[in-house]
$ cat entry_20.txt   # compact mmCIF, C-alpha atoms
# COMPACT_ATOMS: atom_id res chain seq x y z
CA MET A 1 47.16 -162.94 90.86
CA LEU A 2 43.93 -162.80 92.83
CA VAL A 3 43.79 -159.03 92.37
CA LEU A 4 44.36 -159.40 88.65
CA SER A 5 41.68 -162.03 88.30
CA ASN A 6 39.31 -159.88 90.39
CA SER A 7 40.01 -156.86 88.25
CA MET A 8 39.52 -158.97 85.15
CA ASN A 9 36.18 -160.08 86.54
CA ASP A 10 35.35 -156.45 87.31
CA THR A 11 36.21 -155.42 83.77
CA GLY A 12 34.13 -158.25 82.37
CA LEU A 13 31.25 -157.36 84.66
CA MET A 14 31.48 -153.70 83.73
CA GLU A 15 31.47 -154.51 80.04
CA GLU A 16 28.47 -156.76 80.55
CA LEU A 17 26.66 -153.97 82.39
CA GLU A 18 27.55 -151.47 79.68
CA ASN A 19 26.36 -153.81 76.95
CA LYS A 20 23.08 -154.25 78.81
CA LEU A 21 22.71 -150.46 79.07
CA ILE A 22 23.37 -150.13 75.33
CA HIS A 23 20.76 -152.78 74.51
CA ASP A 24 18.28 -151.14 76.89
CA PHE A 25 18.84 -147.76 75.26
CA LEU A 26 18.43 -149.21 71.79
CA ALA A 27 15.17 -150.73 72.98
CA GLY A 28 14.00 -147.22 73.85
CA ASN A 29 15.10 -146.75 77.45
CA GLU A 30 16.46 -143.18 77.74
CA THR A 31 17.53 -143.67 81.35
CA ALA A 32 20.02 -146.30 80.20
CA PHE A 33 21.58 -143.70 77.91
CA ASN A 34 21.82 -141.19 80.76
CA LYS A 35 23.58 -143.80 82.90
CA LEU A 36 26.12 -144.50 80.15
CA ILE A 37 26.81 -140.80 79.68
CA ASP A 38 27.03 -140.23 83.43
CA LYS A 39 29.86 -142.71 83.46
CA TYR A 40 31.79 -141.22 80.56
CA GLN A 41 31.01 -137.51 80.46
CA GLN A 42 33.92 -136.44 82.68
CA LYS A 43 36.38 -138.46 80.61
CA ILE A 44 34.94 -136.95 77.42
CA TYR A 45 35.17 -133.44 78.82
CA TRP A 46 38.74 -133.76 80.07
CA HIS A 47 39.99 -135.38 76.91
CA ALA A 48 38.37 -132.61 74.84
CA ARG A 49 39.70 -130.00 77.25
CA ARG A 50 43.28 -131.22 76.89
CA MET A 51 42.93 -131.38 73.14
CA LEU A 52 41.33 -127.94 72.82
CA ASN A 53 42.85 -126.13 75.82
CA ASP A 54 39.68 -124.21 76.48
CA HIS A 55 36.69 -124.88 78.73
CA PHE A 56 34.03 -123.48 76.40
CA ASP A 57 35.32 -125.33 73.35
CA ALA A 58 35.56 -128.52 75.42
CA ASP A 59 31.99 -127.98 76.61
CA ASP A 60 30.82 -127.66 72.99
CA VAL A 61 32.66 -130.81 71.96
CA THR A 62 31.38 -132.75 75.00
CA GLN A 63 27.79 -131.99 74.01
CA GLU A 64 28.55 -132.78 70.38
CA VAL A 65 30.04 -136.16 71.37
CA ILE A 66 26.97 -136.97 73.47
CA LEU A 67 24.76 -136.22 70.45
CA VAL A 68 26.93 -138.44 68.23
CA ILE A 69 26.79 -141.27 70.77
CA TYR A 70 23.01 -140.87 70.96
CA LYS A 71 22.64 -141.07 67.19
CA LYS A 72 25.33 -143.64 66.42
CA LEU A 73 25.11 -146.07 69.31
CA LYS A 74 22.98 -148.31 67.11
CA THR A 75 26.04 -148.75 64.85
CA PHE A 76 28.33 -149.82 67.73
CA ASP A 77 29.40 -153.35 66.83
CA PHE A 78 30.60 -154.54 70.30
CA ARG A 79 33.92 -155.67 68.80
CA SER A 80 35.91 -152.82 70.32
CA SER A 81 35.26 -151.55 73.82
CA LEU A 82 32.79 -148.73 74.31
CA TYR A 83 35.58 -146.86 76.09
CA THR A 84 37.80 -146.89 72.99
CA TRP A 85 34.84 -146.10 70.74
CA ILE A 86 33.92 -143.01 72.78
CA TYR A 87 37.53 -141.81 72.83
CA ARG A 88 37.67 -142.24 69.06
CA ILE A 89 34.60 -140.02 68.66
CA THR A 90 35.95 -137.45 71.12
CA THR A 91 39.37 -137.34 69.45
CA THR A 92 37.89 -136.97 65.97
CA ARG A 93 35.43 -134.30 67.09
CA SER A 94 38.15 -132.39 68.91
CA LEU A 95 40.44 -132.43 65.87
CA ASN A 96 37.55 -131.28 63.66
CA TYR A 97 36.81 -128.52 66.15
CA ILE A 98 40.45 -127.41 66.03
CA LYS A 99 40.20 -127.20 62.22
CA LYS A 100 36.98 -125.16 62.40
CA ARG A 101 38.51 -122.91 65.05
CA LYS A 102 41.50 -122.33 62.80
CA VAL A 103 39.22 -121.33 59.91
CA ARG A 104 37.28 -118.99 62.19
CA GLU A 105 40.50 -117.48 63.49
CA PHE A 106 41.77 -117.12 59.92
CA PHE A 107 38.74 -115.08 58.97
CA SER A 108 38.87 -113.31 62.37
CA LEU A 109 35.40 -114.46 63.27
CA ASP A 110 36.40 -115.62 66.75
CA ASP A 111 35.32 -113.38 69.55
CA ALA A 112 38.58 -113.51 71.49
CA PRO A 113 38.01 -110.63 73.96
CA GLU A 114 34.67 -112.04 75.02
CA LYS A 115 36.31 -115.40 75.53
CA GLU A 116 38.98 -113.85 77.74
CA LEU A 117 36.28 -112.37 79.96
CA LYS A 118 34.47 -115.66 80.19
CA GLN A 119 37.56 -117.48 81.45
CA ASN A 120 36.36 -116.71 84.98
CA ASP A 121 33.41 -119.02 84.40
CA ASP A 122 35.72 -122.02 84.16
CA ILE A 123 34.51 -125.06 86.06
CA VAL A 124 37.79 -125.29 87.96
CA SER A 125 37.31 -123.12 91.01
CA ASN A 126 40.48 -123.69 93.02
CA ILE A 127 43.10 -121.02 92.14
CA ASP A 128 46.11 -123.38 92.35
CA ASN A 129 44.47 -125.93 90.11
CA LYS A 130 43.36 -123.20 87.74
CA GLU A 131 46.93 -121.92 87.44
CA LYS A 132 48.22 -125.44 86.93
CA LEU A 133 45.61 -126.05 84.27
CA ASN A 134 46.34 -122.75 82.52
CA ARG A 135 50.02 -123.66 82.45
CA LEU A 136 49.18 -127.04 80.95
CA ASP A 137 46.77 -125.47 78.43
CA LYS A 138 49.45 -123.03 77.27
CA MET A 139 52.01 -125.80 76.92
CA LEU A 140 49.73 -128.18 75.02
CA LYS A 141 48.66 -125.36 72.73
CA LYS A 142 52.24 -125.15 71.49
CA LEU A 143 52.24 -128.76 70.31
CA PRO A 144 51.15 -129.60 66.76
CA ASP A 145 47.76 -131.39 66.72
CA LYS A 146 49.14 -134.87 65.97
CA GLN A 147 51.71 -134.63 68.74
CA ARG A 148 49.17 -133.25 71.20
CA GLU A 149 46.78 -136.08 70.37
CA VAL A 150 49.26 -138.85 71.18
CA PHE A 151 50.76 -136.98 74.15
CA VAL A 152 47.35 -136.50 75.78
CA LEU A 153 46.16 -140.05 75.14
CA ARG A 154 49.38 -141.67 76.35
CA ASN A 155 50.30 -139.35 79.17
CA PHE A 156 46.95 -138.42 80.69
CA GLU A 157 44.58 -141.18 79.64
CA GLU A 158 47.42 -143.73 79.94
CA PHE A 159 46.49 -145.66 76.82
CA SER A 160 48.98 -148.06 75.24
CA TYR A 161 50.25 -147.33 71.73
CA GLN A 162 48.09 -150.20 70.48
CA GLU A 163 44.96 -148.65 72.00
CA ILE A 164 45.89 -145.20 70.67
CA SER A 165 46.33 -146.77 67.26
CA GLU A 166 42.78 -148.17 67.48
CA ILE A 167 41.45 -144.77 68.53
CA THR A 168 43.28 -142.63 65.98
CA GLY A 169 43.72 -145.10 63.13
CA LYS A 170 47.44 -144.29 62.94
CA SER A 171 50.28 -146.80 62.93
CA VAL A 172 52.11 -147.55 66.18
CA GLY A 173 55.41 -146.45 64.57
CA ALA A 174 54.02 -143.05 63.61
CA LEU A 175 52.53 -142.63 67.08
CA LYS A 176 55.87 -143.41 68.74
CA ALA A 177 57.64 -140.86 66.55
CA ASN A 178 55.01 -138.22 67.32
CA TYR A 179 55.21 -138.98 71.04
CA PHE A 180 59.00 -138.64 70.92
CA HIS A 181 58.74 -135.15 69.38
CA ALA A 182 55.94 -134.16 71.75
CA LEU A 183 57.91 -135.26 74.80
CA LYS A 184 61.00 -133.45 73.61
CA LYS A 185 59.07 -130.24 73.05
CA VAL A 186 57.22 -130.46 76.37
CA THR A 187 60.44 -130.95 78.35
CA GLU A 188 61.96 -127.94 76.57
CA LEU A 189 58.88 -125.82 77.24
CA MET A 190 58.86 -126.83 80.90
CA LYS A 191 62.52 -125.92 81.23
CA ASP A 192 61.85 -122.50 79.67
CA ASP A 193 58.89 -122.05 81.99
CA GLU A 194 61.00 -122.84 85.07
CA GLN A 195 63.73 -120.42 83.99
CA ARG A 196 61.27 -117.50 83.80
CA MET B 197 73.21 -138.41 71.46
CA THR B 198 72.64 -136.48 74.70
CA ASN B 199 71.27 -138.08 77.87
CA LYS B 200 68.02 -136.21 77.37
CA ASP B 201 67.54 -137.53 73.83
CA ARG B 202 68.28 -141.09 74.96
CA ILE B 203 65.81 -140.78 77.84
CA ILE B 204 63.06 -139.41 75.60
CA LYS B 205 63.73 -142.17 73.09
CA TYR B 206 63.49 -144.71 75.91
CA LEU B 207 60.26 -143.20 77.27
CA SER B 208 58.78 -143.12 73.77
CA ASP B 209 59.54 -146.83 73.37
CA LEU B 210 61.57 -146.14 70.23
CA MET B 211 64.67 -148.14 71.26
CA ASP B 212 65.42 -151.51 69.72
CA GLU B 213 66.22 -154.43 72.03
CA ASN B 214 70.02 -153.88 72.10
CA GLU B 215 69.72 -150.14 72.58
CA ARG B 216 67.26 -150.67 75.40
CA LYS B 217 69.55 -153.19 77.17
CA GLN B 218 72.46 -150.79 76.83
CA PHE B 219 70.37 -147.94 78.21
CA LEU B 220 69.24 -149.98 81.23
CA ASN B 221 72.85 -151.05 81.93
CA ASP B 222 74.02 -147.42 81.71
CA LEU B 223 71.21 -146.44 84.03
CA LYS B 224 72.54 -148.82 86.70
CA ARG B 225 76.03 -147.39 86.40
CA SER B 226 75.41 -143.69 85.89
CA ASP B 227 73.85 -141.57 88.62
CA GLU B 228 73.70 -138.64 86.23
CA LEU B 229 71.58 -140.57 83.74
CA LYS B 230 69.34 -141.82 86.56
CA ASN B 231 68.87 -138.28 87.91
CA ASP B 232 68.07 -136.96 84.45
CA LEU B 233 65.51 -139.73 83.92
CA ASP B 234 63.86 -139.01 87.28
CA GLU B 235 63.80 -135.30 86.52
CA ILE B 236 62.04 -135.78 83.18
CA LYS B 237 59.59 -138.30 84.63
CA ASN B 238 58.77 -135.95 87.51
CA SER B 239 58.28 -132.93 85.31
CA ILE B 240 55.89 -134.87 83.06
CA SER B 241 54.00 -136.20 86.10
CA SER B 242 53.67 -132.67 87.46
CA LEU B 243 51.45 -131.86 84.48
CA LYS B 244 48.88 -134.39 85.59
CA ILE B 245 45.96 -133.00 87.51
CA GLU B 246 43.57 -135.08 89.56
CA THR B 247 40.60 -134.04 87.46
CA GLU B 248 38.07 -135.94 89.56
CA ASN B 249 38.34 -133.60 92.52
CA ILE B 250 38.93 -130.20 91.04
CA VAL B 251 35.79 -129.51 89.08
CA ASP B 252 32.48 -127.98 89.94
CA THR B 253 30.29 -131.09 90.01
CA ASN B 254 27.17 -129.03 89.20
CA TYR B 255 28.58 -128.48 85.73
CA PHE B 256 28.37 -132.17 84.82
CA SER B 257 24.77 -132.45 85.98
CA THR B 258 23.86 -129.92 83.28
CA VAL B 259 25.67 -131.54 80.35
CA ILE B 260 23.07 -134.16 79.36
CA PRO B 261 20.03 -131.83 79.56
CA ARG B 262 21.89 -129.18 77.51
CA ALA B 263 22.97 -131.74 74.91
CA LYS B 264 19.40 -133.03 74.60
CA SER B 265 17.92 -129.55 74.22
CA LYS B 266 20.58 -128.83 71.59
CA MET B 267 19.51 -131.97 69.75
CA GLU B 268 15.83 -130.92 69.82
CA SER B 269 16.53 -127.38 68.63
CA ARG B 270 18.83 -128.73 65.95
CA SER B 271 16.18 -131.03 64.51
CA LYS B 272 13.75 -128.07 64.36
CA TYR B 273 16.46 -125.92 62.84
CA THR B 274 17.28 -128.56 60.23
CA LEU B 275 13.70 -128.43 58.94
CA VAL B 276 13.73 -124.62 58.87
CA ARG B 277 17.13 -124.69 57.16
CA GLN B 278 15.92 -127.15 54.52
CA ILE B 279 12.94 -124.94 53.73
CA SER B 280 15.13 -121.80 53.68
CA TYR B 281 17.61 -123.43 51.31
CA ALA B 282 14.80 -124.54 49.03
CA LEU B 283 13.27 -121.06 48.99
CA SER B 284 16.65 -119.39 48.42
CA LEU B 285 17.42 -121.80 45.62
CA ALA B 286 14.08 -121.17 43.99
CA ALA B 287 14.54 -117.39 44.34
CA LEU B 288 18.04 -117.63 42.85
CA PHE B 289 16.77 -119.64 39.89
CA ALA B 290 13.96 -117.13 39.41
CA VAL B 291 16.36 -114.18 39.40
CA MET B 292 18.71 -115.97 37.01
CA PHE B 293 15.78 -116.76 34.72
CA LEU B 294 14.64 -113.15 34.71
CA ILE B 295 18.15 -111.84 34.01
CA TYR B 296 19.16 -114.32 31.32
CA GLN B 297 15.89 -114.71 29.41
CA PRO B 298 16.69 -115.96 25.91
CA GLY B 299 16.05 -113.36 23.19
CA GLU B 300 16.07 -110.50 25.64
CA LYS B 301 17.74 -107.54 23.93
CA ASN B 302 17.07 -104.58 26.20
CA GLN B 303 19.81 -105.16 28.67
CA GLU B 304 21.22 -102.34 30.70
CA TYR B 305 24.91 -102.05 31.14
CA THR B 306 26.84 -100.21 33.79
CA PHE B 307 29.82 -98.41 32.36
CA LEU B 308 32.94 -98.25 34.47
CA SER B 309 35.62 -95.63 34.24
CA LEU B 310 39.16 -96.86 33.58
CA SER B 311 40.14 -96.29 37.21
CA ASP B 312 37.05 -98.22 38.45
CA PHE B 313 37.96 -100.97 36.02
CA GLU B 314 41.45 -101.10 37.47
CA ASP B 315 40.13 -101.12 41.02
CA TYR B 316 37.59 -103.86 40.49
CA ILE B 317 39.27 -106.13 38.03
CA PHE B 318 42.97 -105.71 38.43
CA GLU B 319 43.12 -105.05 42.13
CA ASP B 320 46.48 -106.77 42.57
CA THR B 321 48.10 -105.59 39.37
CA ASP B 322 50.10 -102.38 39.17
CA SER B 323 48.61 -99.62 37.02
CA ALA B 324 51.58 -99.46 34.58
CA SER B 325 51.05 -103.11 33.63
CA ILE B 326 47.32 -102.53 33.23
CA GLU B 327 47.81 -99.56 30.91
CA TYR B 328 50.34 -101.51 28.86
CA MET B 329 47.99 -104.45 28.71
CA LEU B 330 44.98 -102.33 27.78
CA SER B 331 46.94 -100.67 24.98
CA TYR B 332 47.23 -104.10 23.40
CA LEU B 333 43.60 -105.14 23.83
CA GLY B 334 42.18 -106.07 20.44
CA ASP B 335 45.64 -106.38 18.95
CA ASP B 336 46.38 -109.77 17.38
CA GLU B 337 49.96 -109.59 18.51
CA PHE B 338 49.00 -109.31 22.16
CA ASP B 339 51.15 -111.82 23.97
CA ALA B 340 48.71 -113.28 26.48
CA ALA B 341 51.30 -115.63 27.95
CA GLN B 342 53.32 -112.64 29.09
CA TYR B 343 50.53 -111.85 31.55
CA GLY B 344 50.06 -115.40 32.72
CA PHE B 345 47.06 -116.08 30.45
CA SER B 346 47.04 -119.21 28.40
CA PHE B 347 44.55 -120.98 26.20
CA ALA B 348 45.28 -124.17 28.09
CA ASN B 349 44.15 -122.39 31.25
CA SER B 350 41.03 -121.05 29.64
CA GLU B 351 40.23 -124.53 28.35
CA SER B 352 40.60 -126.02 31.80
CA LEU B 353 38.42 -123.25 33.22
CA MET B 354 35.81 -124.01 30.62
CA ASN B 355 35.98 -127.73 31.45
CA GLU B 356 35.54 -126.86 35.07
CA GLU B 357 32.45 -124.87 34.23
CA ILE B 358 31.06 -127.73 32.16
CA LYS B 359 31.75 -130.06 35.07
CA GLU B 360 29.95 -127.71 37.44
CA ASN B 361 26.98 -127.59 35.10
CA GLU B 362 26.95 -131.37 35.00
CA ILE B 363 26.90 -131.43 38.79
CA VAL B 364 23.95 -129.00 38.78
CA ASP B 365 22.20 -131.23 36.23
CA GLU B 366 22.67 -134.16 38.56
CA ILE B 367 21.45 -132.19 41.55
CA VAL B 368 18.38 -130.70 39.87
CA PRO B 369 16.88 -133.29 37.49
CA ALA B 370 15.53 -132.16 34.12
CA SER B 371 11.97 -132.95 35.20
CA LEU B 372 12.16 -130.05 37.64
CA TYR B 373 13.16 -127.57 34.93
CA THR B 374 9.69 -127.75 33.41
CA ASP B 375 8.48 -124.22 34.08
CA GLY B 376 11.96 -122.78 34.09
CA TYR B 377 13.62 -122.40 37.45
CA THR B 378 10.51 -121.01 39.06
CA ALA B 379 8.71 -124.35 39.29
CA ASP B 380 6.91 -125.00 42.56
CA TYR B 381 8.93 -127.68 44.20
CA THR B 382 7.24 -130.23 46.38
CA ASP B 383 8.74 -131.25 49.70
CA GLU B 384 10.02 -134.39 47.98
CA ASP B 385 11.79 -132.33 45.29
CA VAL B 386 13.32 -130.09 47.92
CA ASN B 387 14.55 -133.10 49.89
CA PHE B 388 15.99 -134.62 46.73
CA ILE B 389 17.93 -131.44 45.90
CA TYR B 390 19.05 -130.99 49.48
CA GLU B 391 20.33 -134.57 49.78
CA ASN B 392 22.17 -134.12 46.48
CA LEU B 393 23.79 -130.93 47.69
CA ILE B 394 24.92 -132.72 50.84
CA ASP B 395 26.21 -135.72 48.85
CA LYS B 396 28.19 -133.45 46.53
CA LYS B 397 29.55 -131.68 49.60
CA ILE B 398 28.26 -128.37 48.29
CA LEU B 399 26.44 -127.65 51.55

$ encode --input "entry_20.txt" --output "structure tokens"
Amino acid sequence: MLVLSNSMNDTGLMEELENKLIHDFLAGNETAFNKLIDKYQQKIYWHARRMLNDHFDADDVTQEVILVIYKKLKTFDFRSSLYTWIYRITTTRSLNYIKKRKVREFFSLDDAPEKELKQNDDIVSNIDNKEKLNRLDKMLKKLPDKQREVFVLRNFEEFSYQEISEITGKSVGALKANYFHALKKVTELMKDDEQR
Amino acid sequence: MTNKDRIIKYLSDLMDENERKQFLNDLKRSDELKNDLDEIKNSISSLKIETENIVDTNYFSTVIPRAKSKMESRSKYTLVRQISYALSLAALFAVMFLIYQPGEKNQEYTFLSLSDFEDYIFEDTDSASIEYMLSYLGDDEFDAAQYGFSFANSESLMNEEIKENEIVDEIVPASLYTDGYTADYTDEDVNFIYENLIDKKIL
């Protein structure tokens, strides 16, 4: 109980600090913005990375999300948490990026060979982790966008369905159904992977 | 329903209260179901990577400066792009004005051979159909519907064109037509047209 109340205090304190940083930034303090981004940039990157399955695309989206936060923070209404708000932006931007990537791929404008070569520049240096990440990237790539979205948010970011609903704007029922299909497909893919 | 389907339904929180109670009771009694549940949970957990410790931390120190320089170059680019669009638009209007001057009679035409005509116009149509169709050109009994043409279609195409013209009228107000399409637009005019193009989702 004590732990819970402490953590609740911590959450409250953190929110208060964040709100102060937002107000400071809106008053013209750029350092406050940097502090906010410092706190969230890894979460933004990893969420984008799991949605896009590619370091360079995730890097693009991370920068794009930072720009959106910079421009739109004045519209943040403090009713939802900043955490949820940033995830909403990252999810939307990632899905838009997937659409653009599909169009580019359709017209064969994507420079795939160059991308293959650049894979060595990935920020994950450890070979084991890189292999693990590649395996995950390949698996997530096989999920339809809607299923990947809910699978990533629930499984990796550990959001509740209610929170995912706030982020994506989809009903809890639809999210559960998508998660069911995603989970089914992932378990099948993992089984296939083990059998190879 | 297989064990696997029941487990996935349980993990997805799709079971109603009774189904959930039944599943939990079965779980207490069946080692097989318990093992299957553990297996699925473990395989899903194995996908998780402790992201905090595996990345090159230098990368994240570069994200904010790169994003900010992107923002600066983008705002410069936006201005250049606005001016380029305005100039291109003006050039396009000028060319159109020169080509379609009212009363102009001395137009030059490029004549195409029948095979060029087939290549350019009826790319996806087989040559037998084209020859048959061409043999009926000018004939009142030509059955247009047989080739997928219809007056209803042509009417809708015409309406579409009228609609497009209306959109252009909205985008470029009549006051800017004064010296034809070659009028010197002020920055304000350019901004007005640009904003309109954005609003209409043309750009």

$ closest_residue --input "entry_20.txt" --among "A:Phe78, A:Tyr179, A:Tyr70, A:Phe159" --to "chain B" --atoms "all atoms listed in the file"
A:Tyr179

$ atom_distance --input "entry_20.txt" --atom1 "CA of Lys141 (chain A)" --atom2 "CA of Glu163 (chain A)"
23.6 Å

$ interface_residues --input "entry_20.txt" --of "chain B" --to "chain A" --cutoff "10 Å" --atoms "only C-alpha atoms" --output "PyMOL selection string"
chain B and resi 200-201+203-210+235-237+239-257+259-264+266-267

$ closest_residue --input "entry_20.txt" --among "A:Leu73, A:Ile127, A:Val103, A:Met51" --to "Val150 (chain A)" --atoms "only C-alpha atoms"
A:Met51

$ closest_residue --input "entry_20.txt" --among "A:Phe56, A:Tyr83, A:Tyr40, A:Phe76" --to "Thr11 (chain A)" --atoms "all atoms listed in the file"
A:Tyr83

$ atom_distance --input "entry_20.txt" --atom1 "CA of Thr168 (chain A)" --atom2 "CA of Thr91 (chain A)"
7.4 Å

$ atom_distance --input "entry_20.txt" --atom1 "CA of Phe219 (chain B)" --atom2 "CA of Asn231 (chain B)"
13.8 Å

$ decode --input "entry_20.txt" --residues "region 255-263 of chain B" --atoms "all heavy atoms" --output "mmCIF file, in the first residue's frame"
data_model
loop_
_atom_site.group_PDB
_atom_site.id
_atom_site.type_symbol
_atom_site.label_atom_id
_atom_site.label_comp_id
_atom_site.auth_asym_id
_atom_site.auth_seq_id
_atom_site.Cartn_x
_atom_site.Cartn_y
_atom_site.Cartn_z
ATOM 1 N N TYR B 255 23.839 7.867 -30.190
ATOM 2 C CA TYR B 255 22.795 8.120 -31.195
ATOM 3 C C TYR B 255 21.760 9.101 -30.641
ATOM 4 O O TYR B 255 21.394 10.066 -31.313
ATOM 5 C CB TYR B 255 22.131 6.803 -31.612
ATOM 6 C CG TYR B 255 20.806 7.008 -32.316
ATOM 7 C CD1 TYR B 255 20.763 7.484 -33.613
ATOM 8 C CD2 TYR B 255 19.598 6.755 -31.661
ATOM 9 C CE1 TYR B 255 19.557 7.714 -34.252
ATOM 10 C CE2 TYR B 255 18.387 6.982 -32.294
ATOM 11 C CZ TYR B 255 18.368 7.461 -33.579
ATOM 12 O OH TYR B 255 17.178 7.697 -34.200
ATOM 13 N N PHE B 256 21.300 8.851 -29.411
ATOM 14 C CA PHE B 256 20.219 9.677 -28.874
ATOM 15 C C PHE B 256 20.664 11.115 -28.564
ATOM 16 O O PHE B 256 19.830 12.013 -28.524
ATOM 17 C CB PHE B 256 19.575 9.012 -27.653
ATOM 18 C CG PHE B 256 18.711 7.854 -28.059
ATOM 19 C CD1 PHE B 256 19.124 6.560 -27.839
ATOM 20 C CD2 PHE B 256 17.499 8.058 -28.697
ATOM 21 C CE1 PHE B 256 18.334 5.482 -28.242
ATOM 22 C CE2 PHE B 256 16.708 7.003 -29.105
ATOM 23 C CZ PHE B 256 17.122 5.710 -28.881
ATOM 24 N N SER B 257 21.977 11.290 -28.380
ATOM 25 C CA SER B 257 22.422 12.670 -28.125
ATOM 26 C C SER B 257 22.373 13.499 -29.411
ATOM 27 O O SER B 257 22.440 14.719 -29.376
ATOM 28 C CB SER B 257 23.824 12.675 -27.529
ATOM 29 O OG SER B 257 24.720 12.122 -28.459
ATOM 30 N N THR B 258 22.239 12.816 -30.558
ATOM 31 C CA THR B 258 22.224 13.560 -31.827
ATOM 32 C C THR B 258 20.805 13.838 -32.331
ATOM 33 O O THR B 258 20.625 14.599 -33.277
ATOM 34 C CB THR B 258 22.960 12.780 -32.946
ATOM 35 O OG1 THR B 258 22.201 11.600 -33.261
ATOM 36 C CG2 THR B 258 24.360 12.390 -32.534
ATOM 37 N N VAL B 259 19.812 13.206 -31.702
ATOM 38 C CA VAL B 259 18.451 13.291 -32.260
ATOM 39 C C VAL B 259 17.903 14.724 -32.225
ATOM 40 O O VAL B 259 17.435 15.240 -33.245
ATOM 41 C CB VAL B 259 17.489 12.320 -31.537
ATOM 42 C CG1 VAL B 259 16.055 12.517 -32.010
ATOM 43 C CG2 VAL B 259 17.914 10.878 -31.799
ATOM 44 N N ILE B 260 17.989 15.377 -31.063
ATOM 45 C CA ILE B 260 17.409 16.726 -30.955
ATOM 46 C C ILE B 260 18.117 17.718 -31.891
ATOM 47 O O ILE B 260 17.436 18.416 -32.651
ATOM 48 C CB ILE B 260 17.410 17.234 -29.496
ATOM 49 C CG1 ILE B 260 16.537 16.321 -28.638
ATOM 50 C CG2 ILE B 260 16.882 18.664 -29.409
ATOM 51 C CD1 ILE B 260 16.525 16.679 -27.170
ATOM 52 N N PRO B 261 19.462 17.775 -31.880
ATOM 53 C CA PRO B 261 20.102 18.723 -32.816
ATOM 54 C C PRO B 261 19.719 18.462 -34.275
ATOM 55 O O PRO B 261 19.474 19.396 -35.040
ATOM 56 C CB PRO B 261 21.605 18.479 -32.612
ATOM 57 C CG PRO B 261 21.723 17.841 -31.281
ATOM 58 C CD PRO B 261 20.459 17.111 -31.022
ATOM 59 N N ARG B 262 19.613 17.164 -34.662
ATOM 60 C CA ARG B 262 19.262 16.867 -36.062
ATOM 61 C C ARG B 262 17.833 17.298 -36.362
ATOM 62 O O ARG B 262 17.535 17.827 -37.426
ATOM 63 C CB ARG B 262 19.454 15.376 -36.349
ATOM 64 C CG ARG B 262 20.936 15.044 -36.580
ATOM 65 C CD ARG B 262 21.162 13.643 -37.050
ATOM 66 N NE ARG B 262 20.706 12.665 -36.081
ATOM 67 C CZ ARG B 262 19.910 11.662 -36.352
ATOM 68 N NH1 ARG B 262 19.451 11.492 -37.574
ATOM 69 N NH2 ARG B 262 19.551 10.809 -35.416
ATOM 70 N N ALA B 263 16.939 17.057 -35.399
ATOM 71 C CA ALA B 263 15.528 17.441 -35.603
ATOM 72 C C ALA B 263 15.423 18.951 -35.743
ATOM 73 O O ALA B 263 14.688 19.457 -36.600
ATOM 74 C CB ALA B 263 14.677 16.946 -34.444
#
